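Listing of my_file22.txt; format and content: compact mmCIF, C-alpha atoms and all ligand atoms.
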# COMPACT_ATOMS: atom_id res chain seq x y z
CA MET A 11 28.69 4.86 -14.88
CA LEU A 12 32.03 4.87 -16.62
CA ILE A 13 30.50 7.07 -19.23
CA ARG A 14 30.54 10.46 -20.78
CA VAL A 15 27.26 12.31 -21.05
CA PRO A 16 26.94 14.82 -23.88
CA PRO A 17 25.93 18.34 -22.85
CA SER A 18 22.22 18.32 -22.31
CA SER A 19 20.10 19.96 -24.95
CA ARG A 20 16.44 20.68 -24.67
CA ALA A 21 14.64 18.66 -27.27
CA LEU A 22 11.30 19.34 -28.84
CA GLU A 23 9.63 16.01 -28.51
CA SER A 24 6.48 14.75 -30.04
CA GLU A 25 5.27 12.45 -27.36
CA VAL A 26 3.60 9.24 -28.32
CA THR A 27 1.77 7.48 -25.55
CA PRO A 28 1.61 3.74 -25.99
CA GLU A 29 0.26 3.56 -22.46
CA SER A 30 -3.17 4.60 -23.67
CA VAL A 31 -3.02 1.88 -26.32
CA TYR A 32 -1.96 -0.55 -23.66
CA LEU A 33 -4.83 0.46 -21.40
CA SER A 34 -7.51 0.10 -24.05
CA ARG A 35 -6.10 -3.21 -25.27
CA ARG A 36 -6.03 -4.49 -21.71
CA LYS A 37 -9.73 -3.70 -21.41
CA LEU A 38 -10.42 -5.57 -24.60
CA MET A 39 -8.53 -8.56 -23.40
CA GLN A 40 -10.47 -8.96 -20.20
CA GLY A 41 -12.89 -11.84 -20.18
CA SER A 42 -12.90 -14.97 -22.25
CA LEU A 43 -10.37 -13.71 -24.78
CA ALA A 44 -7.86 -13.42 -21.99
CA LEU A 45 -8.26 -17.05 -21.06
CA ALA A 46 -7.64 -18.14 -24.62
CA ALA A 47 -4.57 -15.95 -24.82
CA MET A 48 -3.26 -17.28 -21.55
CA ALA A 49 -3.61 -20.85 -22.72
CA ALA A 50 -1.73 -19.94 -25.88
CA MET A 51 1.11 -18.16 -24.12
CA PRO A 52 2.05 -19.60 -20.77
CA GLY A 53 4.25 -17.24 -18.84
CA LEU A 54 2.75 -14.14 -20.40
CA ALA A 55 0.14 -12.10 -18.56
CA SER A 56 -3.17 -12.91 -20.14
CA ALA A 57 -4.37 -9.34 -20.26
CA ASP A 58 -1.35 -8.30 -22.28
CA ALA A 59 -0.80 -11.18 -24.59
CA GLN A 60 -1.83 -9.04 -27.55
CA GLY A 61 -1.66 -5.54 -26.13
CA VAL A 62 1.27 -3.18 -25.89
CA TYR A 63 3.22 -6.15 -24.59
CA ALA A 64 2.95 -7.71 -28.02
CA ASP A 65 6.70 -7.28 -28.52
CA VAL A 66 7.40 -9.05 -25.24
CA GLU A 67 9.33 -12.25 -25.71
CA PRO A 68 7.23 -15.04 -24.23
CA SER A 69 8.98 -17.05 -21.58
CA LYS A 70 8.71 -20.26 -19.67
CA ALA A 71 8.22 -19.18 -16.07
CA PRO A 72 8.69 -21.38 -13.01
CA GLY A 73 5.54 -22.74 -11.36
CA TRP A 74 5.73 -20.38 -8.36
CA PHE A 75 5.52 -17.47 -10.78
CA ASP A 76 2.61 -18.71 -12.89
CA GLU A 77 0.56 -19.53 -9.79
CA LYS A 78 0.82 -15.95 -8.55
CA LEU A 79 0.38 -14.31 -11.94
CA ALA A 80 -3.24 -15.39 -12.15
CA GLY A 81 -4.11 -13.30 -9.08
CA ALA A 82 -1.94 -10.28 -9.91
CA ARG A 83 -3.34 -6.82 -9.30
CA TRP A 84 -2.63 -5.02 -12.57
CA GLN A 85 -1.54 -1.38 -12.60
CA ALA A 86 -1.57 -1.00 -8.83
CA ILE A 87 0.68 2.02 -9.48
CA THR A 88 0.95 3.77 -12.83
CA ALA A 89 3.06 6.56 -14.30
CA LYS A 90 0.36 8.89 -15.53
CA GLY A 91 0.83 10.35 -18.96
CA GLU A 92 4.15 8.61 -19.50
CA SER A 93 4.99 6.07 -22.16
CA ILE A 94 6.09 2.65 -21.11
CA THR A 95 9.57 1.94 -22.49
CA PRO A 96 9.47 -0.73 -25.21
CA PHE A 97 10.38 -4.19 -23.90
CA LYS A 98 13.26 -4.37 -26.36
CA ASP A 99 14.96 -1.31 -24.87
CA ALA A 100 14.34 -2.34 -21.27
CA THR A 101 15.95 -5.72 -21.96
CA HIS A 102 18.81 -4.71 -24.28
CA TYR A 103 20.13 -1.54 -22.68
CA ASN A 104 21.15 -2.72 -19.23
CA ASN A 105 23.61 -2.24 -16.43
CA PHE A 106 24.55 -5.56 -14.86
CA TYR A 107 28.32 -5.48 -14.49
CA GLU A 108 28.48 -9.15 -13.53
CA PHE A 109 27.88 -9.78 -17.24
CA GLY A 110 30.12 -7.02 -18.58
CA THR A 111 30.18 -3.24 -18.62
CA GLY A 112 28.65 -2.73 -22.09
CA LYS A 113 24.95 -1.93 -22.27
CA GLY A 114 24.41 -4.97 -24.52
CA ASP A 115 26.54 -7.37 -22.47
CA PRO A 116 23.83 -8.43 -20.00
CA ALA A 117 21.42 -9.41 -22.79
CA ALA A 118 24.21 -11.25 -24.59
CA ASN A 119 25.61 -13.09 -21.56
CA ALA A 120 22.94 -13.49 -18.89
CA GLY A 121 21.27 -16.42 -20.62
CA LYS A 122 23.66 -18.72 -18.79
CA LEU A 123 22.56 -17.53 -15.37
CA GLN A 124 21.09 -20.47 -13.45
CA VAL A 125 17.91 -19.17 -11.78
CA GLU A 126 16.35 -22.49 -10.77
CA PRO A 127 16.66 -23.55 -8.00
CA TRP A 128 17.26 -20.24 -6.22
CA THR A 129 17.69 -19.57 -2.53
CA VAL A 130 18.05 -16.38 -0.53
CA MET A 131 19.94 -16.33 2.75
CA VAL A 132 18.17 -14.14 5.31
CA ASP A 133 20.32 -13.37 8.32
CA GLY A 134 21.34 -10.82 10.94
CA GLU A 135 18.84 -9.05 13.13
CA VAL A 136 15.73 -11.09 12.21
CA SER A 137 13.40 -13.40 14.13
CA ASN A 138 13.12 -15.85 11.22
CA PRO A 139 16.59 -16.23 9.75
CA GLY A 140 17.35 -19.01 7.32
CA ARG A 141 17.94 -20.04 3.74
CA TYR A 142 14.66 -19.48 1.94
CA SER A 143 13.77 -20.96 -1.40
CA ILE A 144 12.38 -18.38 -3.80
CA GLU A 145 9.09 -20.31 -3.63
CA ASP A 146 8.86 -19.80 0.13
CA LEU A 147 9.81 -16.15 -0.08
CA VAL A 148 7.18 -15.40 -2.70
CA LYS A 149 4.35 -17.66 -1.50
CA PRO A 150 2.79 -15.38 1.16
CA HIS A 151 2.56 -12.35 -1.14
CA ALA A 152 0.10 -11.35 -3.86
CA PHE A 153 1.62 -9.96 -7.05
CA GLU A 154 1.11 -6.35 -8.05
CA GLU A 155 2.07 -4.56 -11.21
CA ARG A 156 3.81 -1.22 -10.66
CA ILE A 157 4.76 1.06 -13.49
CA TYR A 158 7.77 2.98 -12.20
CA ARG A 159 10.21 5.46 -13.66
CA LEU A 160 13.79 4.16 -13.47
CA ARG A 161 16.39 6.95 -13.39
CA CYS A 162 19.98 5.83 -13.82
CA VAL A 163 22.74 7.97 -12.30
CA GLU A 164 24.15 8.12 -15.86
CA ALA A 165 21.29 10.51 -16.73
CA TRP A 166 19.06 8.22 -18.80
CA SER A 167 15.70 6.84 -17.74
CA MET A 168 12.97 4.38 -18.63
CA VAL A 169 9.42 3.56 -17.55
CA ILE A 170 9.07 -0.09 -16.61
CA PRO A 171 6.04 -2.16 -15.55
CA TRP A 172 7.34 -4.41 -12.75
CA LEU A 173 5.62 -7.38 -11.17
CA GLY A 174 6.26 -8.34 -7.58
CA PHE A 175 5.40 -7.34 -4.03
CA PRO A 176 6.38 -4.67 -1.50
CA LEU A 177 9.76 -5.12 0.20
CA ALA A 178 7.97 -4.24 3.46
CA ASP A 179 5.91 -7.45 3.15
CA LEU A 180 9.05 -9.56 2.81
CA LEU A 181 10.62 -7.80 5.81
CA LYS A 182 7.53 -8.43 7.93
CA GLN A 183 7.72 -12.09 6.90
CA VAL A 184 11.27 -12.43 8.26
CA GLY A 185 10.71 -10.11 11.24
CA PRO A 186 13.40 -7.47 11.87
CA THR A 187 14.43 -7.31 15.54
CA SER A 188 14.59 -4.01 17.43
CA ALA A 189 18.34 -3.84 16.72
CA ALA A 190 17.81 -3.78 12.93
CA ARG A 191 18.50 -0.37 11.40
CA TYR A 192 19.54 -1.15 7.82
CA VAL A 193 18.92 -3.78 5.17
CA ARG A 194 21.89 -5.09 3.21
CA PHE A 195 21.48 -6.94 -0.10
CA GLU A 196 23.92 -9.10 -2.01
CA THR A 197 23.95 -10.35 -5.60
CA LEU A 198 25.02 -13.85 -6.65
CA VAL A 199 28.72 -14.59 -7.13
CA ASP A 200 29.21 -17.10 -9.95
CA PRO A 201 32.33 -16.33 -12.00
CA GLU A 202 31.73 -19.34 -14.23
CA ARG A 203 28.48 -17.90 -15.50
CA MET A 204 29.19 -14.23 -14.86
CA PRO A 205 32.03 -13.17 -17.15
CA GLY A 206 32.25 -9.72 -15.53
CA GLN A 207 33.35 -11.41 -12.31
CA ARG A 208 36.22 -13.13 -14.11
CA SER A 209 37.63 -9.95 -15.53
CA GLY A 210 40.82 -8.94 -13.78
CA PHE A 211 40.13 -5.31 -14.67
CA SER A 212 36.91 -5.08 -12.73
CA LEU A 213 36.71 -2.22 -10.27
CA ILE A 214 34.10 -4.09 -8.31
CA ASP A 215 34.87 -6.20 -5.33
CA TRP A 216 32.19 -8.90 -5.76
CA PRO A 217 29.52 -9.50 -4.61
CA TYR A 218 27.61 -6.38 -5.63
CA VAL A 219 26.21 -4.96 -2.39
CA GLU A 220 23.44 -2.46 -1.80
CA GLY A 221 21.58 -1.20 1.23
CA LEU A 222 18.72 0.86 2.55
CA ARG A 223 17.88 2.38 5.88
CA LEU A 224 15.15 0.24 7.45
CA ASP A 225 12.53 3.00 7.25
CA GLU A 226 13.33 3.48 3.54
CA ALA A 227 13.04 -0.26 3.02
CA MET A 228 9.65 -0.27 4.76
CA HIS A 229 8.31 2.54 2.55
CA PRO A 230 5.38 1.23 0.49
CA LEU A 231 7.10 2.21 -2.80
CA ALA A 232 10.16 -0.01 -2.18
CA PHE A 233 9.51 -3.11 -4.26
CA MET A 234 10.80 -6.64 -4.82
CA ALA A 235 10.39 -7.50 -8.49
CA VAL A 236 10.16 -11.02 -9.88
CA GLY A 237 8.68 -10.03 -13.23
CA MET A 238 8.24 -7.22 -15.74
CA TYR A 239 5.97 -6.57 -18.75
CA GLY A 240 3.57 -9.23 -17.49
CA ARG A 241 6.15 -12.02 -17.52
CA VAL A 242 8.95 -13.42 -15.40
CA LEU A 243 12.08 -11.22 -15.15
CA PRO A 244 14.54 -11.73 -17.99
CA ASN A 245 17.92 -12.73 -16.57
CA GLN A 246 19.55 -9.48 -17.68
CA ASN A 247 17.05 -7.55 -15.56
CA GLY A 248 17.97 -9.39 -12.38
CA ALA A 249 16.10 -12.70 -12.32
CA PRO A 250 14.73 -14.20 -10.26
CA LEU A 251 14.50 -11.49 -7.57
CA ARG A 252 15.64 -7.87 -7.61
CA LEU A 253 15.05 -4.70 -5.70
CA VAL A 254 13.34 -1.66 -7.25
CA VAL A 255 13.60 1.67 -5.40
CA PRO A 256 12.02 4.17 -7.79
CA TRP A 257 13.04 7.39 -6.00
CA LYS A 258 16.74 6.47 -6.00
CA TYR A 259 19.30 6.16 -8.78
CA GLY A 260 19.13 2.82 -10.55
CA PHE A 261 22.28 1.41 -9.00
CA LYS A 262 20.43 0.99 -5.69
CA SER A 263 18.06 -1.47 -7.41
CA ILE A 264 20.26 -4.53 -6.94
CA LYS A 265 19.70 -7.56 -9.14
CA SER A 266 19.67 -11.35 -8.66
CA ILE A 267 19.63 -11.19 -4.87
CA VAL A 268 20.98 -14.16 -2.88
CA ARG A 269 21.31 -12.60 0.56
CA ILE A 270 19.30 -10.15 2.65
CA SER A 271 20.77 -9.14 5.99
CA LEU A 272 19.20 -6.98 8.66
CA VAL A 273 22.03 -5.05 10.28
CA SER A 274 22.58 -2.33 12.86
CA GLU A 275 25.23 -0.33 10.95
CA ALA A 276 25.03 1.19 7.47
CA PRO A 277 26.48 -1.35 5.04
CA GLN A 278 29.19 -0.19 2.67
CA THR A 279 27.74 -0.36 -0.81
CA THR A 280 29.55 -1.31 -4.00
CA TRP A 281 29.51 2.12 -5.64
CA GLU A 282 30.30 3.98 -2.44
CA ARG A 283 33.34 1.81 -2.07
CA ILE A 284 34.55 2.53 -5.60
CA ALA A 285 33.97 6.29 -5.59
CA PRO A 286 32.50 7.70 -2.36
CA ASN A 287 32.66 11.27 -3.67
CA GLU A 288 30.51 10.30 -6.69
CA TYR A 289 28.07 7.71 -5.35
CA GLY A 290 26.58 8.05 -1.90
CA PHE A 291 24.66 5.63 0.27
CA TYR A 292 21.39 7.52 -0.18
CA ALA A 293 21.55 8.11 -3.94
CA ASN A 294 18.18 9.84 -3.99
CA VAL A 295 17.36 11.23 -7.42
CA ASN A 296 18.02 14.95 -7.03
CA PRO A 297 18.23 17.42 -9.94
CA GLN A 298 19.92 19.97 -7.66
CA VAL A 299 22.87 17.82 -6.69
CA ASP A 300 25.07 17.18 -9.69
CA HIS A 301 27.37 14.26 -10.15
CA PRO A 302 30.95 15.61 -9.93
CA ARG A 303 31.37 14.86 -13.66
CA TRP A 304 27.93 15.72 -15.09
CA SER A 305 24.65 17.48 -14.42
CA GLN A 306 21.70 15.62 -12.92
CA ALA A 307 19.20 18.33 -13.89
CA THR A 308 17.94 16.50 -16.97
CA GLU A 309 17.76 12.95 -18.30
CA ARG A 310 17.45 11.16 -21.62
CA ARG A 311 14.20 9.23 -21.60
CA LEU A 312 14.77 6.07 -23.63
CA PRO A 313 14.36 5.30 -26.42
CA SER A 314 16.37 8.32 -27.48
CA GLY A 315 18.55 8.97 -30.46
CA LEU A 316 20.90 11.50 -31.92
CA PHE A 317 18.09 13.29 -33.72
CA SER A 318 15.46 12.85 -31.01
CA PRO A 319 17.40 12.93 -27.76
CA ASN A 320 14.15 13.05 -25.77
CA VAL A 321 15.67 15.08 -22.94
CA ILE A 322 13.35 15.84 -20.01
CA ASP A 323 13.77 17.52 -16.64
CA THR A 324 14.74 15.28 -13.78
CA ARG A 325 12.38 15.52 -10.82
CA MET A 326 13.17 15.54 -7.11
CA PHE A 327 12.97 11.96 -5.83
CA ASN A 328 12.30 11.00 -9.45
CA GLY A 329 8.80 12.43 -9.00
CA TYR A 330 8.01 10.27 -5.95
CA GLU A 331 7.72 13.20 -3.54
CA GLU A 332 5.79 11.13 -1.01
CA VAL A 333 9.14 9.84 0.26
CA ALA A 334 10.32 13.33 1.30
CA GLY A 335 9.35 12.71 4.93
CA LEU A 336 12.06 10.04 5.18
CA TYR A 337 14.68 12.78 4.83
CA THR A 338 13.28 15.58 6.97
CA GLY A 339 16.07 17.66 8.46
CA MET A 340 18.78 16.03 6.34
CA ASP A 341 21.07 18.06 4.09
CA LEU A 342 20.61 16.14 0.84
CA ALA A 343 23.66 17.80 -0.73
CA ARG A 344 25.74 16.22 2.02
CA TYR A 345 23.87 12.92 2.19
CA TYR A 346 23.77 12.33 -1.56
N1 LIG B 401 23.95 -6.86 -9.21
C1 LIG B 401 23.83 -5.73 -9.92
N2 LIG B 401 22.71 -5.01 -9.78
C2 LIG B 401 22.56 -3.86 -10.50
C3 LIG B 401 23.58 -3.41 -11.36
C4 LIG B 401 24.75 -4.22 -11.49
O1 LIG B 401 25.70 -3.90 -12.23
N3 LIG B 401 24.83 -5.37 -10.77
N4 LIG B 401 23.42 -2.21 -12.05
C5 LIG B 401 22.48 -1.23 -11.47
C6 LIG B 401 22.23 -0.09 -12.33
S1 LIG B 401 23.49 1.03 -12.49
C7 LIG B 401 21.01 0.13 -12.91
S2 LIG B 401 20.69 1.56 -13.77
C8 LIG B 401 19.93 -0.89 -12.85
C9 LIG B 401 19.48 -1.23 -14.26
O2 LIG B 401 18.38 -2.10 -14.23
P1 LIG B 401 17.77 -2.66 -15.60
O3 LIG B 401 18.89 -3.20 -16.41
O4 LIG B 401 16.76 -3.68 -15.21
O5 LIG B 401 17.13 -1.47 -16.28
O6 LIG B 401 20.36 -2.08 -12.20
C10 LIG B 401 21.16 -1.89 -11.06
N5 LIG B 401 21.38 -3.15 -10.38
MO MO B 402 22.48 2.96 -13.24

Re-express the file's structure as structure tokens.
Amino acid sequence: MLIRVPPSSRALESEVTPESVYLSRRKLMQGSLALAAMAAMPGLASADAQGVYADVEPSKAPGWFDEKLAGARWQAITAKGESITPFKDATHYNNFYEFGTGKGDPAANAGKLQVEPWTVMVDGEVSNPGRYSIEDLVKPHAFEERIYRLRCVEAWSMVIPWLGFPLADLLKQVGPTSAARYVRFETLVDPERMPGQRSGFSLIDWPYVEGLRLDEAMHPLAFMAVGMYGRVLPNQNGAPLRLVVPWKYGFKSIKSIVRISLVSEAPQTTWERIAPNEYGFYANVNPQVDHPRWSQATERRLPSGLFSPNVIDTRMFNGYEEVAGLYTGMDLARYY
């Protein structure tokens, strides 16, 4: 977010659509071929072992992940007519300030993150508080694949196939009490493995904190991701558990979560704390409400380059208009 965005220019783009390739390959891979592929590449979704996910780096996933992967519901939500961002871009152009502020820093530094074992503290206004192992948090839920647009407040965007389960299902599991109004999330603090947390120049008061109103959190689109591109989450994308809220700017989608608190008051979030006039609690994608330092009317869809900037119009709620009812009667220029 500490960036300068060049003046937007409307680009003539020749759109390629790897999604169609991906779909047809997936079809091909169903059946016995898929089994063979799965045996050959543990940790990679069978259906995609040789499809558009061919560039996906195979990974060794923990047992809790592999068990669930077999029963995943593929493409439960898709982004029609849009190209899935290549794995390489989604994993090497990241914001994860715990590992540095450069876009390549997370990929370079997050390898040291210790994701096993992993526990998540659930506390506050809940009937079942406690320290949950990731296994216990994930166990009750079936995996779904959801292909979502991700729109960063810095005016770039990607299309990412996530794997995980609805946040609402996790909340039902822990049981918010009637006093719960907001959900507060916290990222791991581990300065030994997170060089960004050692930097004396950091603007951020760690841990990274995010939050949602409870009704937003219960919306069926709000998602807990444990994987992407048919495999376990790479560390730089927020392993082993991260939030994905597709109608909000990317900074709401907090990574590597270690604490989930149900609270009665709106939590102060990391970016609100740093610059409340620039980053609000709601952070709904809104082409009509500009950032004080740049326009939010358009976005660079990655991959983009100097000669093919791939600039497209930004859509209200990032195109997820079904969430509009959450904000009825609210002035979204004031509650940005
Ligand atoms: N803990 C934590 N979560 C974070 C961030 C961060 O710096 N720290 N960056 C946010 C921002 S600004 C964006 S755009 C997305 C990027 O997610 P991605 O790297 O998986 O695309 O993560 C969000 N989650
Ligand atoms: Mo972002």

Set the cut-off to 10 Å, count only C-alpha atoms and all ligand atoms, and list whatever residues fall near ligand MO 402 (chain B) as a PyMOL selection string. chain A and resi 11+104-106+160-167+258-263

Could you make a table, as CSV, of the residues of stretch 80-149 of chain A that have an atom within 12 Å of an atom of stretch 310-325 of chain A, each with its nearest atom pair and distance in Å to one decimal, counting all atoms listed in the file, in chain and number order?
residue,atom,partner,partner_atom,distance
A:Glu92,CA,A:Arg311,CA,10.3
A:Ser93,CA,A:Arg311,CA,9.8
A:Ile94,CA,A:Leu312,CA,9.7
A:Thr95,CA,A:Leu312,CA,6.7
A:Pro96,CA,A:Pro313,CA,7.9
A:Phe97,CA,A:Pro313,CA,10.6
A:Lys98,CA,A:Pro313,CA,9.7
A:Asp99,CA,A:Pro313,CA,6.8
A:Ala100,CA,A:Leu312,CA,8.7
A:Thr101,CA,A:Leu312,CA,12.0
A:His102,CA,A:Pro313,CA,11.2
A:Tyr103,CA,A:Leu312,CA,9.4
A:Asn104,CA,A:Leu312,CA,11.7

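Here the question is which of A:Pro68, A:Gln207, A:Leu181, A:Tyr337 gets nearest to A:Pro139 using all atoms listed in the file, and that residue is A:Leu181.
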
Could you tell me how far atom CA of A:Val299 sits from atom CA of A:Gly335, in Å to one decimal place? 18.5 Å

Exercise: A:Ile157 partners within 9 Å, only C-alpha atoms, chain neighbours under 2 positions left out, as a list in words: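 Here the answer would be Gln85, Ala86, Ile87, Thr88, Ala89, Ile94, Glu155, Arg159, Val169, Ile170, Pro171, Trp172 and Leu173 of chain A.
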
Restricting the calculation to all atoms listed in the file, which member of A:Val199, A:Leu224, A:Leu336, A:Ala343 is positioned closest to ligand LIG 401 (chain B)? A:Val199

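Atom CA of A:Ser69 sits 7.2 Å away from atom CA of A:Val242.
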
Excluding A:Ile264 and any residue of its chain fewer than 5 positions from it, enumerate the residues within 7 Å of it, using all atoms listed in the file, and give them as a short mmCIF file (atom, residue, chain, number, x, y, z; two decimals) with C-alpha atoms, in the frame of the given file.
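Below is the file result-v4.cif, written as the result:
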data_model
loop_
_atom_site.label_atom_id
_atom_site.label_comp_id
_atom_site.auth_asym_id
_atom_site.auth_seq_id
_atom_site.Cartn_x
_atom_site.Cartn_y
_atom_site.Cartn_z
CA GLU A 220 23.44 -2.46 -1.80
CA ARG A 252 15.64 -7.87 -7.61
CA LEU A 253 15.05 -4.70 -5.70
#

Among listed residues A:Leu222, A:Ala334, A:Ala117, A:Val273, nearest ligand LIG 401 (chain B) (using only C-alpha atoms and all ligand atoms):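 Of A:Leu222, A:Ala334, A:Ala117, A:Val273, the one nearest ligand LIG 401 (chain B), counting only C-alpha atoms and all ligand atoms, is A:Ala117.
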
For A:Pro302, which residue out of A:Ile144, A:Leu198, A:Ala285, A:Ala152 is the nearest one, using all atoms listed in the file?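 Among A:Ile144, A:Leu198, A:Ala285, A:Ala152, it is A:Ala285 that comes nearest to A:Pro302.
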
Name all residues at most 6 Å from stretch 107-112 of chain A (count only C-alpha atoms; drop same-chain ones fewer than 5 positions away) and give them as a list in words.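 These residues fall inside the cut-off: Asn119, Met204, Pro205, Gly206 and Gln207 of chain A.
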
Could you please determine the separation between atom CA of A:Gln246 and atom CA of A:Tyr192 in Å, to one decimal place? 26.8 Å

Which residue gives the smallest distance to A:Asn294 among A:Phe195, A:Thr308, A:Arg344, A:Asn245, with only C-alpha atoms counted?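 Of all the options, A:Arg344 lies closest to A:Asn294.
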
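Minimum atom-to-atom distance to ligand LIG 401 (chain B), evaluated using all atoms listed in the file, belongs to A:Asp115 out of A:Asp115, A:Asp300, A:Glu126, A:Glu332.
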